[in-house]
file run-v3.txt (compact mmCIF, C-alpha atoms (C1' of nucleotides))
# COMPACT_ATOMS: atom_id res chain seq x y z
CA MET S 1 33.92 -14.74 -37.15
CA ILE S 2 32.14 -12.23 -34.95
CA ASN S 3 28.90 -12.45 -36.91
CA ASP S 4 28.45 -16.20 -36.78
CA LEU S 5 25.97 -15.95 -33.93
CA LEU S 6 23.89 -13.37 -35.77
CA ILE S 7 23.87 -15.37 -38.98
CA GLU S 8 22.90 -18.51 -37.15
CA ASN S 9 20.09 -16.63 -35.47
CA ILE S 10 18.61 -15.11 -38.61
CA ASP S 11 19.25 -17.88 -41.07
CA GLU S 12 18.65 -21.20 -39.38
CA ASP S 13 16.70 -22.27 -42.46
CA GLY S 14 19.55 -21.35 -44.82
CA GLN S 15 17.40 -19.03 -46.94
CA PHE S 16 19.96 -16.26 -47.18
CA SER S 17 22.62 -16.27 -49.87
CA LYS S 18 26.20 -15.66 -48.76
CA THR S 19 25.96 -12.13 -50.15
CA GLN S 20 22.75 -11.46 -48.32
CA GLN S 21 24.22 -12.74 -45.08
CA GLU S 22 27.14 -10.38 -45.47
CA GLU S 23 24.97 -7.43 -46.38
CA PHE S 24 22.68 -8.16 -43.46
CA CYS S 25 25.57 -8.19 -41.00
CA ALA S 26 27.14 -5.08 -42.49
CA TYR S 27 24.33 -2.93 -41.17
CA PHE S 28 25.17 -3.79 -37.58
CA GLN S 29 27.72 -2.14 -35.35
CA GLN S 30 29.16 -3.85 -32.34
CA ARG S 31 29.09 -2.14 -28.99
CA THR S 32 30.42 -3.12 -25.58
CA ILE S 33 28.27 -2.24 -22.59
CA THR S 34 29.61 -2.42 -19.07
CA LYS S 35 27.58 -3.82 -16.20
CA LYS S 36 24.75 -1.57 -14.98
CA THR S 37 25.03 0.77 -17.97
CA PHE S 38 21.78 1.77 -19.65
CA LEU S 39 21.51 1.04 -23.34
CA LEU S 40 18.22 2.92 -23.29
CA GLU S 41 16.60 5.09 -20.65
CA GLN S 42 12.96 6.02 -20.16
CA GLY S 43 12.29 9.25 -22.07
CA GLU S 44 14.88 8.66 -24.80
CA VAL S 45 13.87 7.66 -28.32
CA CYS S 46 15.02 4.13 -29.13
CA LYS S 47 17.10 4.70 -32.24
CA TRP S 48 18.33 1.16 -32.77
CA GLU S 49 17.40 -2.48 -32.63
CA GLY S 50 19.85 -4.76 -30.86
CA PHE S 51 21.06 -8.34 -30.89
CA VAL S 52 22.89 -9.68 -27.85
CA LEU S 53 26.25 -11.30 -28.63
CA ASP S 54 27.20 -11.80 -25.03
CA GLY S 55 26.00 -10.88 -21.58
CA CYS S 56 22.50 -10.12 -20.43
CA PHE S 57 20.08 -7.20 -20.32
CA ARG S 58 16.95 -6.35 -18.40
CA ILE S 59 14.11 -4.47 -20.08
CA PHE S 60 11.86 -2.77 -17.54
CA THR S 61 9.54 0.15 -16.79
CA ILE S 62 9.17 2.19 -13.65
CA ASP S 63 5.55 2.97 -12.80
CA LYS S 64 4.11 6.05 -11.07
CA ASN S 65 4.71 4.51 -7.63
CA GLY S 66 8.37 3.93 -8.44
CA ASN S 67 7.95 0.17 -8.80
CA GLU S 68 10.02 -1.57 -11.42
CA ASN S 69 8.32 -3.91 -13.81
CA THR S 70 10.48 -6.20 -15.89
CA LEU S 71 9.12 -7.01 -19.33
CA TYR S 72 11.84 -9.50 -20.18
CA PHE S 73 15.49 -10.38 -19.99
CA ALA S 74 17.63 -10.59 -23.12
CA ALA S 75 20.62 -12.91 -22.93
CA LYS S 76 22.98 -14.07 -25.67
CA ASN S 77 21.20 -14.64 -28.97
CA TRP S 78 18.16 -12.52 -28.08
CA TRP S 79 16.87 -9.38 -29.76
CA LEU S 80 16.03 -6.27 -27.82
CA MET S 81 14.55 -2.81 -28.37
CA ASP S 82 11.54 -0.72 -27.47
CA ILE S 83 9.37 -1.58 -30.47
CA ASP S 84 6.92 1.25 -29.92
CA SER S 85 9.62 3.90 -29.58
CA PHE S 86 11.63 2.48 -32.49
CA MET S 87 8.61 2.28 -34.83
CA ASN S 88 7.05 5.60 -33.96
CA HIS S 89 10.09 7.70 -33.07
CA LYS S 90 8.61 8.55 -29.74
CA PRO S 91 10.10 8.69 -26.23
CA SER S 92 10.42 5.29 -24.67
CA ASP S 93 8.70 4.08 -21.51
CA LEU S 94 11.36 1.44 -21.12
CA ASN S 95 14.80 1.11 -19.58
CA ILE S 96 17.30 -1.34 -20.99
CA GLN S 97 20.19 -2.05 -18.65
CA ALA S 98 23.12 -4.44 -18.83
CA LEU S 99 23.12 -6.93 -15.96
CA GLU S 100 26.74 -7.77 -16.66
CA ASP S 101 29.43 -6.70 -19.10
CA SER S 102 27.83 -7.33 -22.48
CA LYS S 103 28.27 -7.08 -26.22
CA VAL S 104 25.53 -6.14 -28.65
CA LEU S 105 25.13 -5.57 -32.34
CA LEU S 106 23.03 -2.50 -33.10
CA ILE S 107 21.22 -1.44 -36.25
CA SER S 108 19.78 2.05 -36.65
CA GLN S 109 16.18 2.80 -37.61
CA LYS S 110 17.25 4.08 -41.00
CA ASP S 111 19.44 1.06 -41.75
CA LYS S 112 16.69 -1.29 -40.63
CA LEU S 113 14.37 0.21 -43.23
CA THR S 114 17.08 0.00 -45.87
CA LEU S 115 17.69 -3.60 -44.90
CA TYR S 116 14.01 -4.48 -45.38
CA GLU S 117 14.06 -2.85 -48.82
CA SER S 118 17.30 -4.43 -49.86
CA ILE S 119 16.81 -7.96 -48.49
CA PRO S 120 13.16 -8.91 -48.90
CA ILE S 121 13.47 -12.18 -46.99
CA ALA S 122 14.45 -10.13 -43.94
CA GLU S 123 10.90 -8.88 -43.92
CA LYS S 124 9.69 -12.45 -43.62
CA LEU S 125 12.33 -13.28 -41.04
CA PHE S 126 11.21 -10.51 -38.72
CA ARG S 127 7.53 -11.13 -39.42
CA VAL S 128 7.97 -14.69 -38.20
CA MET S 129 10.11 -13.57 -35.28
CA PHE S 130 7.41 -11.15 -34.17
CA GLN S 131 4.75 -13.85 -34.51
CA LYS S 132 6.73 -16.07 -32.17
CA SER S 133 7.09 -13.21 -29.78
CA ILE S 134 3.31 -12.70 -29.65
CA VAL S 135 2.84 -16.37 -28.80
CA ALA S 136 5.29 -15.96 -25.92
CA TRP S 137 3.49 -12.86 -24.63
CA GLN S 138 0.13 -14.60 -24.80
CA ARG S 139 1.47 -17.56 -22.84
CA ARG S 140 2.96 -15.26 -20.24
CA LEU S 141 -0.39 -13.55 -19.74
CA VAL S 142 -2.15 -16.87 -19.27
CA ARG S 143 0.47 -17.94 -16.73
CA ASN S 144 0.06 -14.68 -14.85
CA HIS S 145 -3.67 -15.22 -14.65
CA SER S 146 -3.78 -18.93 -13.94
CA LEU S 147 -0.70 -19.66 -11.81
CA THR S 148 0.22 -18.59 -8.30
CA ALA S 149 3.40 -16.62 -7.68
CA LYS S 150 5.10 -19.77 -6.45
CA GLU S 151 4.17 -21.65 -9.62
CA ARG S 152 5.32 -18.76 -11.81
CA TYR S 153 8.63 -18.66 -10.00
CA ALA S 154 9.12 -22.40 -10.47
CA HIS S 155 8.23 -22.08 -14.14
CA PHE S 156 10.66 -19.22 -14.63
CA ILE S 157 13.70 -20.85 -13.06
CA GLY S 158 12.81 -24.10 -14.83
CA SER S 159 12.49 -22.43 -18.24
CA TYR S 160 15.40 -19.99 -18.05
CA PRO S 161 17.88 -21.40 -15.52
CA GLU S 162 20.89 -19.61 -17.02
CA ILE S 163 19.20 -16.23 -16.91
CA ALA S 164 17.60 -16.83 -13.50
CA SER S 165 20.99 -17.64 -12.01
CA LYS S 166 22.33 -14.21 -13.01
CA LEU S 167 19.57 -12.24 -11.33
CA THR S 168 19.11 -10.69 -7.96
CA ASP S 169 15.85 -11.56 -6.22
CA ARG S 170 14.64 -8.04 -6.78
CA GLN S 171 15.07 -8.44 -10.53
CA THR S 172 13.36 -11.81 -10.53
CA SER S 173 10.44 -10.52 -8.47
CA SER S 174 9.96 -7.55 -10.80
CA TYR S 175 9.62 -10.03 -13.67
CA LEU S 176 7.14 -12.21 -11.80
CA GLY S 177 5.05 -9.24 -10.70
CA ILE S 178 5.50 -9.71 -6.95
CA THR S 179 7.44 -7.95 -4.19
CA HIS S 180 10.94 -9.09 -3.36
CA GLU S 181 9.83 -9.79 0.21
CA PHE S 182 7.24 -12.22 -1.01
CA LEU S 183 9.73 -13.91 -3.31
CA SER S 184 11.97 -14.40 -0.30
CA LYS S 185 9.10 -16.15 1.50
CA ILE S 186 8.37 -18.32 -1.54
CA LYS S 187 12.00 -19.43 -1.69
CA LYS S 188 11.91 -20.35 1.98
CA GLN S 189 8.78 -22.45 1.46
CA LEU S 190 10.37 -24.28 -1.46
CA GLN S 191 13.47 -25.10 0.63
CA ILE S 192 11.48 -26.62 3.47
CA GLN S 193 9.47 -28.91 1.24
CA MET B 1 -18.44 -3.44 -51.60
CA ILE B 2 -18.05 -6.20 -49.04
CA ASN B 3 -14.27 -5.88 -48.98
CA ASP B 4 -14.06 -2.17 -48.28
CA LEU B 5 -13.47 -2.75 -44.61
CA LEU B 6 -10.66 -5.21 -45.29
CA ILE B 7 -8.98 -2.91 -47.81
CA GLU B 8 -9.22 0.01 -45.45
CA ASN B 9 -7.68 -2.10 -42.71
CA ILE B 10 -4.72 -3.33 -44.72
CA ASP B 11 -4.05 -0.35 -46.88
CA GLU B 12 -4.51 2.78 -44.83
CA ASP B 13 -1.25 4.08 -46.29
CA GLY B 14 -2.39 3.46 -49.88
CA GLN B 15 0.61 1.29 -50.73
CA PHE B 16 -1.36 -1.39 -52.57
CA SER B 17 -2.21 -1.05 -56.22
CA LYS B 18 -5.81 -1.67 -57.25
CA THR B 19 -4.78 -5.05 -58.63
CA GLN B 20 -2.99 -5.98 -55.43
CA GLN B 21 -5.99 -4.97 -53.35
CA GLU B 22 -8.19 -7.20 -55.45
CA GLU B 23 -5.80 -10.10 -55.35
CA PHE B 24 -5.42 -9.72 -51.60
CA CYS B 25 -9.17 -9.83 -51.05
CA ALA B 26 -9.66 -12.74 -53.44
CA TYR B 27 -7.89 -15.09 -51.03
CA PHE B 28 -10.52 -14.53 -48.37
CA GLN B 29 -13.82 -16.32 -47.99
CA GLN B 30 -16.68 -14.86 -46.06
CA ARG B 31 -18.37 -16.88 -43.37
CA THR B 32 -21.30 -16.19 -41.11
CA ILE B 33 -21.06 -17.41 -37.55
CA THR B 34 -24.05 -17.53 -35.27
CA LYS B 35 -23.88 -16.45 -31.66
CA LYS B 36 -22.07 -18.88 -29.35
CA THR B 37 -20.66 -20.92 -32.22
CA PHE B 38 -16.99 -21.83 -32.00
CA LEU B 39 -14.83 -20.77 -34.90
CA LEU B 40 -12.01 -22.74 -33.27
CA GLU B 41 -11.99 -25.20 -30.39
CA GLN B 42 -9.12 -26.23 -28.13
CA GLY B 43 -7.47 -29.31 -29.69
CA GLU B 44 -8.23 -28.40 -33.31
CA VAL B 45 -5.55 -27.09 -35.63
CA CYS B 46 -6.18 -23.47 -36.62
CA LYS B 47 -6.28 -23.70 -40.40
CA TRP B 48 -7.13 -20.08 -41.19
CA GLU B 49 -6.52 -16.51 -40.22
CA GLY B 50 -9.60 -14.34 -39.80
CA PHE B 51 -10.70 -10.75 -40.14
CA VAL B 52 -13.90 -9.65 -38.42
CA LEU B 53 -16.39 -7.89 -40.70
CA ASP B 54 -19.12 -7.70 -38.14
CA GLY B 55 -19.91 -8.97 -34.67
CA CYS B 56 -17.53 -9.93 -31.92
CA PHE B 57 -15.45 -12.90 -30.83
CA ARG B 58 -13.78 -14.00 -27.63
CA ILE B 59 -10.43 -15.80 -27.72
CA PHE B 60 -9.84 -17.79 -24.54
CA THR B 61 -8.20 -20.81 -22.95
CA ILE B 62 -9.49 -23.16 -20.30
CA ASP B 63 -6.86 -24.10 -17.72
CA LYS B 64 -6.45 -27.36 -15.79
CA ASN B 65 -8.84 -26.13 -13.07
CA GLY B 66 -11.51 -25.39 -15.64
CA ASN B 67 -11.08 -21.62 -15.36
CA GLU B 68 -11.50 -19.59 -18.51
CA ASN B 69 -8.85 -17.09 -19.40
CA THR B 70 -9.64 -14.54 -22.08
CA LEU B 71 -6.68 -13.46 -24.21
CA TYR B 72 -8.60 -10.83 -26.13
CA PHE B 73 -11.82 -9.88 -27.83
CA ALA B 74 -11.97 -9.34 -31.57
CA ALA B 75 -14.68 -6.96 -32.78
CA LYS B 76 -15.27 -5.48 -36.22
CA ASN B 77 -12.02 -4.65 -38.01
CA TRP B 78 -9.86 -6.92 -35.84
CA TRP B 79 -7.79 -9.91 -36.88
CA LEU B 80 -8.01 -13.23 -35.09
CA MET B 81 -6.37 -16.65 -35.08
CA ASP B 82 -4.25 -18.89 -32.92
CA ILE B 83 -0.84 -17.81 -34.22
CA ASP B 84 1.01 -20.75 -32.71
CA SER B 85 -1.37 -23.35 -34.10
CA PHE B 86 -1.59 -21.60 -37.49
CA MET B 87 2.21 -21.28 -37.84
CA ASN B 88 3.16 -24.69 -36.58
CA HIS B 89 0.18 -26.79 -37.65
CA LYS B 90 -0.31 -27.98 -34.13
CA PRO B 91 -3.42 -28.44 -31.98
CA SER B 92 -4.61 -25.18 -30.51
CA ASP B 93 -4.87 -24.30 -26.83
CA LEU B 94 -7.41 -21.64 -27.67
CA ASN B 95 -11.12 -21.37 -28.17
CA ILE B 96 -12.57 -18.74 -30.45
CA GLN B 97 -16.28 -18.19 -29.96
CA ALA B 98 -18.73 -15.71 -31.44
CA LEU B 99 -20.32 -13.50 -28.78
CA GLU B 100 -23.05 -12.51 -31.22
CA ASP B 101 -24.01 -13.28 -34.81
CA SER B 102 -20.88 -12.37 -36.74
CA LYS B 103 -19.26 -12.26 -40.14
CA VAL B 104 -15.62 -13.03 -40.82
CA LEU B 105 -13.31 -13.26 -43.78
CA LEU B 106 -11.05 -16.30 -43.58
CA ILE B 107 -7.81 -17.10 -45.38
CA SER B 108 -6.29 -20.57 -45.29
CA GLN B 109 -2.72 -21.32 -44.26
CA LYS B 110 -1.79 -22.24 -47.82
CA ASP B 111 -3.32 -19.13 -49.31
CA LYS B 112 -1.66 -16.96 -46.70
CA LEU B 113 1.72 -18.28 -47.81
CA THR B 114 0.83 -17.74 -51.46
CA LEU B 115 -0.30 -14.22 -50.61
CA TYR B 116 3.04 -13.41 -49.00
CA GLU B 117 4.86 -14.70 -52.08
CA SER B 118 2.63 -12.93 -54.51
CA ILE B 119 2.22 -9.58 -52.77
CA PRO B 120 5.51 -8.69 -51.10
CA ILE B 121 4.14 -5.61 -49.35
CA ALA B 122 1.77 -7.91 -47.48
CA GLU B 123 4.80 -9.24 -45.69
CA LYS B 124 5.57 -5.75 -44.45
CA LEU B 125 1.93 -5.11 -43.62
CA PHE B 126 1.74 -8.10 -41.32
CA ARG B 127 5.20 -7.52 -39.90
CA VAL B 128 4.09 -4.07 -38.78
CA MET B 129 0.76 -5.41 -37.56
CA PHE B 130 2.53 -7.99 -35.41
CA GLN B 131 4.89 -5.35 -34.04
CA LYS B 132 1.91 -3.30 -32.92
CA SER B 133 0.42 -6.37 -31.37
CA ILE B 134 3.55 -6.97 -29.29
CA VAL B 135 3.41 -3.42 -27.98
CA ALA B 136 -0.19 -4.03 -26.90
CA TRP B 137 0.74 -7.29 -25.14
CA GLN B 138 3.62 -5.63 -23.34
CA ARG B 139 1.37 -2.83 -22.12
CA ARG B 140 -1.21 -5.33 -20.95
CA LEU B 141 1.42 -7.16 -18.91
CA VAL B 142 2.56 -3.95 -17.26
CA ARG B 143 -1.03 -3.04 -16.42
CA ASN B 144 -1.60 -6.48 -14.93
CA HIS B 145 1.44 -6.06 -12.73
CA SER B 146 1.06 -2.45 -11.70
CA LEU B 147 -2.70 -1.84 -11.48
CA THR B 148 -5.32 -3.22 -9.12
CA ALA B 149 -8.31 -5.12 -10.47
CA LYS B 150 -10.48 -2.05 -10.05
CA GLU B 151 -8.06 0.08 -12.04
CA ARG B 152 -7.78 -2.56 -14.76
CA TYR B 153 -11.55 -2.74 -15.02
CA ALA B 154 -11.82 1.04 -15.31
CA HIS B 155 -9.10 1.04 -17.96
CA PHE B 156 -10.82 -1.70 -19.94
CA ILE B 157 -14.27 -0.15 -20.08
CA GLY B 158 -12.66 3.23 -20.79
CA SER B 159 -10.54 1.87 -23.64
CA TYR B 160 -13.04 -0.49 -25.26
CA PRO B 161 -16.52 0.74 -24.32
CA GLU B 162 -18.24 -0.84 -27.34
CA ILE B 163 -16.75 -4.24 -26.67
CA ALA B 164 -17.23 -4.01 -22.89
CA SER B 165 -20.92 -3.26 -23.36
CA LYS B 166 -21.43 -6.53 -25.23
CA LEU B 167 -19.90 -8.72 -22.53
CA THR B 168 -21.27 -10.61 -19.60
CA ASP B 169 -19.46 -9.97 -16.32
CA ARG B 170 -18.03 -13.46 -16.48
CA GLN B 171 -16.42 -12.70 -19.83
CA THR B 172 -15.06 -9.38 -18.59
CA SER B 173 -13.66 -10.92 -15.43
CA SER B 174 -11.93 -13.69 -17.40
CA TYR B 175 -10.18 -10.96 -19.40
CA LEU B 176 -9.14 -9.04 -16.31
CA GLY B 177 -7.89 -12.15 -14.55
CA ILE B 178 -10.27 -12.02 -11.59
CA THR B 179 -13.34 -13.97 -10.48
CA HIS B 180 -16.79 -12.83 -11.55
CA GLU B 181 -17.77 -12.49 -7.89
CA PHE B 182 -15.00 -10.01 -7.30
CA LEU B 183 -15.91 -8.05 -10.42
CA SER B 184 -19.42 -7.79 -9.03
CA LYS B 185 -18.03 -6.29 -5.83
CA ILE B 186 -15.84 -3.87 -7.77
CA LYS B 187 -18.85 -2.66 -9.76
CA LYS B 188 -20.77 -2.07 -6.55
CA GLN B 189 -17.90 -0.03 -5.12
CA LEU B 190 -17.73 2.12 -8.25
CA GLN B 191 -21.48 2.81 -8.07
CA ILE B 192 -21.33 4.01 -4.49
CA GLN B 193 -18.49 6.42 -5.08
C1' DT T 1 39.83 -2.61 5.20
C1' DC T 2 36.53 0.14 6.99
C1' DG T 3 32.31 2.40 6.04
C1' DT T 4 28.43 2.65 3.04
C1' DT T 5 25.27 1.20 0.09
C1' DT T 6 22.51 -2.50 -1.69
C1' DA T 7 20.38 -7.07 -1.26
C1' DG T 8 18.01 -10.61 1.27
C1' DT T 9 15.15 -12.27 5.51
C1' DT T 10 11.62 -12.36 8.75
C1' DG T 11 7.38 -11.16 11.31
C1' DA T 12 3.12 -8.71 12.19
C1' DA T 13 -0.60 -6.23 10.47
C1' DC T 14 -2.98 -5.29 6.55
C1' DT T 15 -5.23 -5.31 1.74
C1' DT T 16 -6.64 -7.56 -2.21
C1' DG T 17 -8.77 -11.03 -4.20
C1' DT T 18 -10.81 -16.08 -3.75
C1' DT T 19 -13.99 -19.61 -2.42
C1' DC T 20 -18.21 -21.36 -1.29
C1' DA T 21 -22.87 -21.10 -0.58
C1' DA T 22 -27.29 -19.13 -0.84
C1' DC T 23 -30.03 -16.19 -3.07
C1' DT T 24 -32.20 -13.23 -7.02
C1' DA T 25 -32.57 -11.84 -11.79
C1' DT T 26 -32.35 -12.73 -16.43
C1' DT T 27 -32.15 -15.64 -20.64
C1' DT T 28 -32.91 -19.53 -23.10
C1' DT T 29 -35.39 -23.42 -24.58
C1' DC T 30 -39.08 -26.34 -25.62
C1' DG Z 1 -45.25 -19.23 -21.04
C1' DA Z 2 -43.38 -22.47 -17.72
C1' DA Z 3 -39.21 -24.86 -16.68
C1' DA Z 4 -34.49 -24.93 -16.79
C1' DA Z 5 -30.32 -23.11 -17.31
C1' DT Z 6 -27.24 -19.27 -16.95
C1' DA Z 7 -25.80 -14.80 -15.00
C1' DG Z 8 -25.27 -11.55 -11.27
C1' DT Z 9 -25.19 -10.34 -6.05
C1' DT Z 10 -23.97 -10.65 -1.44
C1' DG Z 11 -21.72 -12.20 2.85
C1' DA Z 12 -18.55 -14.79 5.64
C1' DA Z 13 -14.40 -17.24 6.01
C1' DC Z 14 -10.22 -17.78 3.91
C1' DA Z 15 -5.78 -17.49 1.09
C1' DA Z 16 -2.49 -14.89 -1.46
C1' DG Z 17 0.26 -11.22 -1.64
C1' DT Z 18 1.72 -6.33 0.29
C1' DT Z 19 3.56 -3.09 3.43
C1' DC Z 20 6.47 -1.56 6.80
C1' DA Z 21 10.01 -2.00 9.88
C1' DA Z 22 13.87 -4.11 11.86
C1' DC Z 23 17.41 -6.95 11.18
C1' DT Z 24 21.42 -9.64 8.79
C1' DA Z 25 24.42 -10.55 4.85
C1' DA Z 26 26.89 -9.40 1.06
C1' DA Z 27 29.02 -6.23 -2.37
C1' DC Z 28 31.21 -1.99 -3.46
C1' DG Z 29 33.99 2.22 -3.23
C1' DA Z 30 37.65 5.09 -1.47
call {"tool": "encode", "arguments": {"input": "run-v3.txt", "output": "structure tokens"}}
result
Amino acid sequence: MINDLLIENIDEDGQFSKTQQEEFCAYFQQRTITKKTFLLEQGEVCKWEGFVLDGCFRIFTIDKNGNENTLYFAAKNWWLMDIDSFMNHKPSDLNIQALEDSKVLLISQKDKLTLYESIPIAEKLFRVMFQKSIVAWQRRLVRNHSLTAKERYAHFIGSYPEIASKLTDRQTSSYLGITHEFLSKIKKQLQIQ
Amino acid sequence: MINDLLIENIDEDGQFSKTQQEEFCAYFQQRTITKKTFLLEQGEVCKWEGFVLDGCFRIFTIDKNGNENTLYFAAKNWWLMDIDSFMNHKPSDLNIQALEDSKVLLISQKDKLTLYESIPIAEKLFRVMFQKSIVAWQRRLVRNHSLTAKERYAHFIGSYPEIASKLTDRQTSSYLGITHEFLSKIKKQLQIQ
DNA sequence: TCGTTTAGTTGAACTTGTTCAACTATTTTC
DNA sequence: GAAAATAGTTGAACAAGTTCAACTAAACGA
């Protein structure tokens, strides 16, 4: 079944009834995204929340100097959206681009609200999911402040080897917050040692 | 009434009934914390979630080199806790210290769960609150990657002048991710210009 | 398969931020 | 109110990371 991955993701504790699982999934529509296609572009309003069935996405901003800044990568089994744009119906600062041919399940803003009304435990599910996300963001900040670029790189490829292996160095460097030239020098240093 | 600030914080949309407001507040206990006292210390389990009635707190880690890293400051009307420790009942990596004599309302883990069960809209309230928090963390990351220390300092004192004015330079620098010596040099540069 | 774009590498000069040490100013404590 | 601790300042030497430019390697499109 196509929705097995989604159900596993949302209901690892088995709190949903069969009916609730089915209703939950019914709100989502599957979409295929080819490599390099943008699921969301800076300036658009993010009208959906997404769950990655297959493939990988990069969520990034472009600052006033034209530098790309990657917030995160979303591979299989990850959620993705611009929360601020989705919540507040305002133009997004983010770009969401497929790094390879990918499949996502999308739910619209309106259906998400209906879902919360109709399946109260979904409210808890996402509350907990967002809590975990905050923990991850806090840890990332601390790493950015306390580790060198070389240490952050080592941490990244150690923590997310599957994702890291799909990336160009430019994508990796935009996640780490360094230039791609410097990443190249870091990689050389790590080889020699 | 002592709980006016809390009610205003949680129910700006007026979705709570009078009874629900009262029940919500009843779970919280007020506590006075004197300047420099730790509400939570690294290694302890965070057994409560807090809401600041008055004063100001600093939430920070100490890394392996002994450097302090400030995650955020929580002034009047802010929430504070170690989410990871609170959720997972595990020893905290964080320190939470009062910067001045302060008052907080605390709710225990157990009561927080009861509250979610008993007042379903609280689930939504915190879900939305956590979403907003993620947006703030994402923006902070982008600023850290795309702005210089001087620009980050200017942004910080511009965005949170009341909090910034209460801090020592060492506390400010640990939030910005720079040394206090360098902050001193930045301040000098800004004076001259 | 050739030509073009895009990605990665390297070096030199540069900028940003750190470290350490010595000093001054301010708070805290008894 | 003196002593002690803590906070802020400054400079010099240093380390981390950037910029720019020139080059090589790989991927992509017609």
call {"tool": "interface_residues", "arguments": {"input": "run-v3.txt", "of": "chain S", "to": "chain Z", "cutoff": "8 Å", "atoms": "only C-alpha atoms (C1' of nucleotides)", "output": "PyMOL selection string"}}
result
chain S and resi 178-179+182
call {"tool": "residues_around", "arguments": {"input": "run-v3.txt", "residues": "segment 72-75 of chain S", "least_positions_apart": "5", "cutoff": "9 Å", "atoms": "only C-alpha atoms (C1' of nucleotides)", "output": "tab-separated table (two decimals) with C-alpha atoms, keeping the file's coordinate frame"}}
result
chain	number	residue	atom	x	y	z
S	51	PHE	CA	21.06	-8.34	-30.89
S	52	VAL	CA	22.89	-9.68	-27.85
S	53	LEU	CA	26.25	-11.30	-28.63
S	54	ASP	CA	27.20	-11.80	-25.03
S	55	GLY	CA	26.00	-10.88	-21.58
S	56	CYS	CA	22.50	-10.12	-20.43
S	57	PHE	CA	20.08	-7.20	-20.32
S	58	ARG	CA	16.95	-6.35	-18.40
S	59	ILE	CA	14.11	-4.47	-20.08
S	60	PHE	CA	11.86	-2.77	-17.54
S	80	LEU	CA	16.03	-6.27	-27.82
S	162	GLU	CA	20.89	-19.61	-17.02
S	163	ILE	CA	19.20	-16.23	-16.91
S	175	TYR	CA	9.62	-10.03	-13.67
call {"tool": "interface_residues", "arguments": {"input": "run-v3.txt", "of": "chain S", "to": "chain T", "cutoff": "12 Å", "atoms": "all atoms listed in the file", "output": "ChimeraX atom specification"}}
result
/S:167-171,180-188
call {"tool": "interface_residues", "arguments": {"input": "run-v3.txt", "of": "chain B", "to": "chain S", "cutoff": "8 Å", "atoms": "all atoms listed in the file", "output": "list in words"}}
result
Asp63, Asn67, Asn69, Leu71, Ile83, Asp84, Pro120, Glu123, Lys124, Phe126, Arg127, Val128, Phe130, Gln131, Lys132, Ser133, Ile134, Val135, Trp137, Gln138, Leu141, Val142, His145, Ser146, Gly177 and Ile178 of chain B
call {"tool": "write_last_selection", "arguments": {"input": "run-v3.txt", "atoms": "C-alpha atoms", "output": "mmCIF file, keeping the file's coordinate frame"}}
result
data_model
loop_
_atom_site.group_PDB
_atom_site.id
_atom_site.type_symbol
_atom_site.label_atom_id
_atom_site.label_comp_id
_atom_site.auth_asym_id
_atom_site.auth_seq_id
_atom_site.Cartn_x
_atom_site.Cartn_y
_atom_site.Cartn_z
ATOM 1 C CA ASP B 63 -6.860 -24.100 -17.720
ATOM 2 C CA ASN B 67 -11.080 -21.620 -15.360
ATOM 3 C CA ASN B 69 -8.850 -17.090 -19.400
ATOM 4 C CA LEU B 71 -6.680 -13.460 -24.210
ATOM 5 C CA ILE B 83 -0.840 -17.810 -34.220
ATOM 6 C CA ASP B 84 1.010 -20.750 -32.710
ATOM 7 C CA PRO B 120 5.510 -8.690 -51.100
ATOM 8 C CA GLU B 123 4.800 -9.240 -45.690
ATOM 9 C CA LYS B 124 5.570 -5.750 -44.450
ATOM 10 C CA PHE B 126 1.740 -8.100 -41.320
ATOM 11 C CA ARG B 127 5.200 -7.520 -39.900
ATOM 12 C CA VAL B 128 4.090 -4.070 -38.780
ATOM 13 C CA PHE B 130 2.530 -7.990 -35.410
ATOM 14 C CA GLN B 131 4.890 -5.350 -34.040
ATOM 15 C CA LYS B 132 1.910 -3.300 -32.920
ATOM 16 C CA SER B 133 0.420 -6.370 -31.370
ATOM 17 C CA ILE B 134 3.550 -6.970 -29.290
ATOM 18 C CA VAL B 135 3.410 -3.420 -27.980
ATOM 19 C CA TRP B 137 0.740 -7.290 -25.140
ATOM 20 C CA GLN B 138 3.620 -5.630 -23.340
ATOM 21 C CA LEU B 141 1.420 -7.160 -18.910
ATOM 22 C CA VAL B 142 2.560 -3.950 -17.260
ATOM 23 C CA HIS B 145 1.440 -6.060 -12.730
ATOM 24 C CA SER B 146 1.060 -2.450 -11.700
ATOM 25 C CA GLY B 177 -7.890 -12.150 -14.550
ATOM 26 C CA ILE B 178 -10.270 -12.020 -11.590
#
call {"tool": "atom_distance", "arguments": {"input": "run-v3.txt", "atom1": "atom CA of Cys46 of chain B", "atom2": "atom CA of Gln30 of chain B"}}
result
16.5 Å
call {"tool": "closest_residue", "arguments": {"input": "run-v3.txt", "among": "B:Trp48, B:Thr32, B:Leu105, B:Glu12", "to": "Trp78 of chain B", "atoms": "all atoms listed in the file"}}
result
B:Leu105
call {"tool": "atom_distance", "arguments": {"input": "run-v3.txt", "atom1": "atom CA of Asp111 of chain S", "atom2": "atom CA of Asn88 of chain S"}}
result
15.3 Å
call {"tool": "residues_around", "arguments": {"input": "run-v3.txt", "residues": "Ala26 of chain S", "least_positions_apart": "6", "cutoff": "10 Å", "atoms": "only C-alpha atoms (C1' of nucleotides)", "output": "list in words"}}
result
Asn3, Gln20, Ile107, Asp111 and Leu115 of chain S
call {"tool": "atom_distance", "arguments": {"input": "run-v3.txt", "atom1": "atom CA of Glu44 of chain B", "atom2": "atom CA of Thr114 of chain B"}}
result
22.9 Å
